[in-house]
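Student: Please find one structure pasted underneath; my questions will follow.
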Amino acid sequence: MICGPVDKDAVEEAMKGCGIWDFVLSLPNGLDTPTGDNGAAISGGEKQRLALAIALLAKKPLLLLDEATSNMDAESERHVRDYLHEKVQAGELTIVSISHRKAFHEKADAVCAVEG
């Protein structure tokens with residue numbers, strides 16, 4: 001959860017990194033546009049990218065993800081994956097991710113696979 005004010009530049013950077021900024025700008029009222037109950041007015045991939053941007057704005061050292069890109073197309077997933085990898089490489093973030101998508105873990109430092 002985000003506590004306190006958030007810098008506009010940080011919002012833009014997180015949203016661009018998660019590939020949702022252009023979509024937000026296209027909305028009638030930008031960030032102030034209602035998205036319906038539980039985001040009913042936006043797609044699953046848009047919800048996931050928006051949720052990731054919000055999580056990154058909290059500036060916590062650990063991010064736990066569960067199927068974080070399951071509703072994204074391949075291009076969006078690659079964009080988000082590369083951005084998150086940059087954050088990890090910069091030492092800003094540690095990610096623990098659960099995903100059926102093998103591509104999401106291509107650049108992971110360690111992978112634990114569960115078979116069965």
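FYI, nothing fancy with the structure tokens labels: chains A, B, ... in order, residues from 1 per chain, ligands from 1 as they appear.
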List every residue of stretch 25-66 of chain A that has an atom at most 8 Å from any atom of stretch 87-94 of chain A, and for each one report the closest atom pair and its distance in Å to one decimal, counting only C-alpha atoms, with rows sorted by chain and then by increasing residue number, as JSON lines.

Tutor:
```
{"residue": "A:Lys60", "atom": "CA", "partner": "A:Leu93", "partner_atom": "CA", "distance": 7.4}
{"residue": "A:Pro61", "atom": "CA", "partner": "A:Leu93", "partner_atom": "CA", "distance": 4.9}
{"residue": "A:Leu62", "atom": "CA", "partner": "A:Thr94", "partner_atom": "CA", "distance": 4.8}
{"residue": "A:Leu63", "atom": "CA", "partner": "A:Thr94", "partner_atom": "CA", "distance": 6.2}
```

Student: If you run DSSP on the backbone here, which positions in chain A get strand (DSSP E or B)? Please write them as a VMD selection string.

Tutor: chain A and resid 62 to 66 94 to 98

Student: Provide the atom CA of A:Leu64 to atom CA of A:Val96 distance in Å, to one decimal place.

Tutor: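 Distance reported for this atom pair: 4.9 Å.
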
Student: Find the spatial neighbours of A:Asp82, counting only C-alpha atoms, within a cut-off of 12 Å - ignore same-chain residues fewer than 4 positions away - and output them as a VMD selection string.

Tutor: chain A and resid 17 to 19 75 to 78 86 to 89 103 to 108

Student: So how far away is atom CA of A:Val114 from atom CA of A:Glu46, in Å?

Tutor: 28.7 Å

Student: I'd like the neighbourhood of stretch 67-70 of chain A as a short mmCIF file (atom, residue, chain, number, x, y, z; two decimals) with C-alpha atoms, in the first residue's frame, where a residue qualifies if any of its atoms comes within 7 Å (using only C-alpha atoms), though same-chain residues fewer than 4 positions away should be ignored.

Tutor:
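Contents of the output file out.cif:
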```cif
data_model
loop_
_atom_site.label_atom_id
_atom_site.label_comp_id
_atom_site.auth_asym_id
_atom_site.auth_seq_id
_atom_site.Cartn_x
_atom_site.Cartn_y
_atom_site.Cartn_z
CA GLN A 48 -2.37 -6.24 -14.22
CA GLU A 77 4.67 -9.19 -20.97
CA ILE A 98 4.93 -17.68 -9.31
CA SER A 99 4.07 -18.23 -12.95
#
```

Student: If you run DSSP on the backbone here, which positions in stretch 11-81 of chain A get alpha helix (DSSP H)? Please write them as an MDAnalysis selection string.

Tutor: chainID A and resid 11:17 21:26 44:57 74:81

Student: So, counting only C-alpha atoms, which residue among A:Val111, A:Leu27, A:Val6, A:Ile20 is closest to A:Leu52?

Tutor: A:Ile20

Student: Write out as a list in words the residues lying within 12 Å of A:Asp37, counting only C-alpha atoms and excluding same-chain residues fewer than 4 positions away.

Tutor: Ala41, Ile42 and Lys47 of chain A

Student: Grab the atom CA of A:Tyr83 to atom CA of A:Asn29 distance for me, in Å with one decimal place.

Tutor: 26.3 Å

Student: Rank nothing, just name the residue among A:Lys8, A:Asp32, A:Gly45, A:Leu56 nearest to A:Ala74, using only C-alpha atoms.

Tutor: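 Of all the options, A:Gly45 lies closest to A:Ala74.
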
Student: Would you please work out which residue, of A:Ala40, A:Met72, A:Leu50, A:Ala10, is nearest to A:Val24 when using only C-alpha atoms?

Tutor: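 The closest residue to A:Val24 is A:Leu50.
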